[in-house]
Amino acid sequence: MKKLYKFLWFLLGFLLVEEMARGQEENAALWGQASQSSTYGPGYGPEKAVDGSLASFTHTNQETNPWWRVDLLKVYKVNRVTITNRPTSADRINGAVIRIGNFLAIYNNTICGVISTLGASATTTFSCGGMKGRYMVVHLAGNLKILSITEAGVYGYLAENLAGAGAAIQSSTSADWFAEKAIDRGLQQFYTGCSSTLNETNPWWRLDLRDVYRVSEVVFTNRKDCCAEQINGAEIRIGNSLENNGTNNPICAVIPAIPAGESYSYSCDGMEGRYVNLIIPGDKKILTLCEVKVYGEGPCLKRSFVKLLFHSSNDLTDSTMRENVLKQLGSALADRGLTNVTLRWSQTPKQEVMRKVDADKRRCDRSMQ
């Protein structure tokens, strides 16, 4: 019994610490992986800007458009970026641009700030206003440039993984490799906690986010024991349609291959959708996923409640009649250009019987007044 109490105490303690950590801003750069366009020599590597020390700095070669980047490994809502300049040759950072985003292509990311000038050993802070991204990049445009940084900090909060609150389904299931194992937040091992379809034609896996979101990035982790090719060629599709099991939605990206046990991210650039689909086109295919994470903003579904009075001889308490009315309303809205609309009854219409008065009776009433 004592052992049980001890286990519960540690479990509760872990959950409490995790919850506290979620509410605290952190310097995500300290846990990231740094890289740069080139390295001047030993001792000037990209990691020097995220080692927490002011005694060293990064240094690229003299080149065209040098850059330095930190991969935060996860998507963050970035509030601010701090840059500390080197103690000598301080002008080498002048004009550098800071960008936040999910793209390895530098110019596809969003500008947070521009370093016009910065004194020797000085630190400056740039507000990024909660910009979302996995990468923070500092780049210097022009020829014969050298980029050098003493320390870089990226402060913000870990963005919410939307997949955890979703519901997963797949075209078929191999043994106990259920669809929901791909969104269990890595609680299972990569070789026992994965989803997998049977060997079939056009296998698919679908995540219902339960609301419409603007999806910025999707991250996939491949199995590591074997069969890494079972994700090759998978199409990532985002949208609101369940036609053909959701596999007709627009394509975000195609996964050529992911090495065994590794995680790759794909930017969807704010595509709107409730469903995230993966499908491998072709015969005799198996789709296996070990972890799926989805990041984005929303929900962006706007709900409105409208009270209507219908003059109808039809019984609207009948479900078939109600569906016909919704179809007619949908067609009328579509004629006015409102196509991305979902209509449903919030409650069953109440029937009210109106007394019919004939024309002769109305004339008689008026003559008597």
# chains A, B, ... in the order shown; residues from 1 in each chain; ligands from 1
$ residues_around --residues "A:Leu343" --least-positions-apart "2" --cutoff "9 Å" --atoms "only C-alpha atoms" --output "count of residues only"
6
$ residues_around --residues "A:Ile183" --least-positions-apart "3" --cutoff "10 Å" --atoms "only C-alpha atoms" --output "PyMOL selection string"
chain A and resi 161-168+179-180+186-187+193-195+207+289-294
$ write_last_selection --atoms "C-alpha atoms" --output "PDB file, in the first residue's frame"
ATOM      1  CA  ASN A 161      -0.953  20.563 -30.514  1.00  0.00           C
ATOM      2  CA  LEU A 162      -4.476  20.441 -31.963  1.00  0.00           C
ATOM      3  CA  ALA A 163      -4.282  16.713 -32.697  1.00  0.00           C
ATOM      4  CA  GLY A 164      -4.546  15.744 -29.037  1.00  0.00           C
ATOM      5  CA  ALA A 165      -8.178  16.862 -28.815  1.00  0.00           C
ATOM      6  CA  GLY A 166      -9.163  15.348 -32.151  1.00  0.00           C
ATOM      7  CA  ALA A 167     -10.598  12.001 -33.219  1.00  0.00           C
ATOM      8  CA  ALA A 168      -8.737   9.650 -35.564  1.00  0.00           C
ATOM      9  CA  ALA A 179      -5.839   5.004 -35.713  1.00  0.00           C
ATOM     10  CA  GLU A 180      -5.840   6.866 -32.361  1.00  0.00           C
ATOM     11  CA  GLY A 186       4.112   9.547 -27.943  1.00  0.00           C
ATOM     12  CA  LEU A 187       3.025   7.689 -24.808  1.00  0.00           C
ATOM     13  CA  GLY A 193       2.207   2.584 -30.441  1.00  0.00           C
ATOM     14  CA  CYS A 194       1.700   3.327 -34.112  1.00  0.00           C
ATOM     15  CA  SER A 195      -1.347   3.253 -36.342  1.00  0.00           C
ATOM     16  CA  LEU A 207      -7.966  13.311 -38.060  1.00  0.00           C
ATOM     17  CA  LEU A 289       1.973   6.585 -38.528  1.00  0.00           C
ATOM     18  CA  CYS A 290       3.620   6.733 -35.110  1.00  0.00           C
ATOM     19  CA  GLU A 291       2.855  10.320 -34.128  1.00  0.00           C
ATOM     20  CA  VAL A 292       0.956  13.184 -35.712  1.00  0.00           C
ATOM     21  CA  LYS A 293       0.976  16.756 -34.416  1.00  0.00           C
ATOM     22  CA  VAL A 294      -1.045  19.610 -35.882  1.00  0.00           C
TER      23      VAL A 294
END
$ closest_atom_pairs --of "stretch 88-163 of chain A" --to "stretch 260-281 of chain A" --cutoff "12 Å" --atoms "only C-alpha atoms" --output "CSV"
residue,atom,partner,partner_atom,distance
A:Gly101,CA,A:Ser267,CA,9.3
A:Asn102,CA,A:Ser267,CA,6.1
A:Phe103,CA,A:Ser267,CA,6.8
A:Leu104,CA,A:Ser267,CA,9.7
A:Ala105,CA,A:Ser267,CA,11.1
A:Asn108,CA,A:Asp269,CA,9.7
A:Asn109,CA,A:Asp269,CA,10.2
A:Thr110,CA,A:Asp269,CA,11.5
A:Lys132,CA,A:Gly270,CA,11.1
A:Gly133,CA,A:Ser267,CA,10.0
A:Arg134,CA,A:Ser265,CA,9.4
A:Tyr135,CA,A:Ser265,CA,11.5
A:Leu162,CA,A:Arg274,CA,10.7
A:Ala163,CA,A:Val276,CA,9.3
$ write_last_selection --atoms "N, CA and C atoms" --output "mmCIF file, in the first residue's frame"
data_model
loop_
_atom_site.group_PDB
_atom_site.id
_atom_site.type_symbol
_atom_site.label_atom_id
_atom_site.label_comp_id
_atom_site.auth_asym_id
_atom_site.auth_seq_id
_atom_site.Cartn_x
_atom_site.Cartn_y
_atom_site.Cartn_z
ATOM 1 N N GLY A 101 8.988 31.658 -38.335
ATOM 2 C CA GLY A 101 8.071 30.905 -39.178
ATOM 3 C C GLY A 101 8.348 29.424 -39.174
ATOM 4 N N ASN A 102 7.722 28.730 -40.102
ATOM 5 C CA ASN A 102 7.839 27.271 -40.198
ATOM 6 C C ASN A 102 8.555 26.813 -41.460
ATOM 7 N N PHE A 103 9.205 27.754 -42.155
ATOM 8 C CA PHE A 103 9.831 27.432 -43.438
ATOM 9 C C PHE A 103 11.352 27.414 -43.325
ATOM 10 N N LEU A 104 11.970 26.455 -43.996
ATOM 11 C CA LEU A 104 13.430 26.466 -44.108
ATOM 12 C C LEU A 104 13.876 27.508 -45.133
ATOM 13 N N ALA A 105 12.998 27.811 -46.085
ATOM 14 C CA ALA A 105 13.284 28.897 -47.025
ATOM 15 C C ALA A 105 13.118 30.220 -46.275
ATOM 16 N N ASN A 108 10.331 33.011 -46.803
ATOM 17 C CA ASN A 108 8.932 32.634 -46.626
ATOM 18 C C ASN A 108 8.440 32.886 -45.204
ATOM 19 N N ASN A 109 9.378 33.148 -44.290
ATOM 20 C CA ASN A 109 9.021 33.412 -42.899
ATOM 21 C C ASN A 109 8.707 34.893 -42.694
ATOM 22 N N THR A 110 8.042 35.197 -41.587
ATOM 23 C CA THR A 110 7.551 36.547 -41.327
ATOM 24 C C THR A 110 8.575 37.376 -40.559
ATOM 25 N N LYS A 132 3.803 32.715 -34.623
ATOM 26 C CA LYS A 132 3.983 31.275 -34.478
ATOM 27 C C LYS A 132 5.046 30.773 -35.433
ATOM 28 N N GLY A 133 5.907 29.905 -34.920
ATOM 29 C CA GLY A 133 6.921 29.337 -35.797
ATOM 30 C C GLY A 133 7.832 28.370 -35.085
ATOM 31 N N ARG A 134 8.444 27.532 -35.886
ATOM 32 C CA ARG A 134 9.437 26.577 -35.384
ATOM 33 C C ARG A 134 10.852 27.126 -35.524
ATOM 34 N N TYR A 135 11.030 28.061 -36.456
ATOM 35 C CA TYR A 135 12.365 28.582 -36.737
ATOM 36 C C TYR A 135 12.460 30.078 -36.448
ATOM 37 N N LEU A 162 -3.039 20.607 -31.767
ATOM 38 C CA LEU A 162 -4.476 20.441 -31.963
ATOM 39 C C LEU A 162 -4.889 18.980 -32.091
ATOM 40 N N ALA A 163 -3.942 18.118 -32.452
ATOM 41 C CA ALA A 163 -4.282 16.713 -32.697
ATOM 42 C C ALA A 163 -4.749 16.012 -31.434
#
$ select_by_dssp --residues "stretch 11-220 of chain A" --states "strand (DSSP E or B)" --output "number ranges by chain"
A: 26-27, 33-36, 63, 67-84, 96-101, 110-115, 123-139, 145, 151-158, 167-170, 195-196, 200, 204-220
$ residues_around --residues "A:Asp91" --least-positions-apart "3" --cutoff "12 Å" --atoms "only C-alpha atoms" --output "list in words"
Asn85, Arg86, Pro87, Thr88, Asn94, Gly95, Ala96, Ile115, Ser116, Thr117, Leu118, Gly119, Ala120, Ser121, Ala122, Leu140, Lys145, Ile146, Leu147, Ser148 and Ile149 of chain A
$ closest_residue --among "A:Ala49, A:Leu158, A:Met131, A:Leu316" --to "A:Lys350" --atoms "only C-alpha atoms"
A:Leu316
$ residues_around --residues "stretch 36-45 of chain A" --least-positions-apart "5" --cutoff "6 Å" --atoms "only C-alpha atoms" --output "list in words"
Thr58, His59, Thr60, Asn61, Pro66, Trp67, Trp68 and Arg69 of chain A
$ closest_residue --among "A:Leu30, A:Ile236, A:Val75, A:Ala257" --to "A:Tyr295" --atoms "only C-alpha atoms"
A:Val75
$ select_by_dssp --residues "stretch 52-102 of chain A" --states "helix (DSSP H, G or I)" --output "list in words"
Ala90, Asp91, Arg92 and Ile93 of chain A
$ atom_distance --atom1 "atom CA of A:Asn222" --atom2 "atom CA of A:Thr288"
7.7 Å
$ closest_residue --among "A:Glu243, A:Ile286, A:Phe57, A:Leu209" --to "A:Trp177" --atoms "only C-alpha atoms"
A:Ile286
$ closest_residue --among "A:Thr197, A:Cys252, A:Ser331, A:Arg336" --to "A:Lys285" --atoms "only C-alpha atoms"
A:Thr197
$ closest_residue --among "A:Asn202, A:Asn232, A:Ser241, A:Asn27" --to "A:Leu72" --atoms "only C-alpha atoms"
A:Asn27
$ closest_residue --among "A:Ser174, A:Thr342, A:Thr348, A:Thr124" --to "A:Ser196" --atoms "only C-alpha atoms"
A:Ser174
$ atom_distance --atom1 "atom CA of A:Cys226" --atom2 "atom CA of A:Asp184"
20.3 Å
$ atom_distance --atom1 "atom CA of A:Ile238" --atom2 "atom CA of A:Val215"
8.0 Å
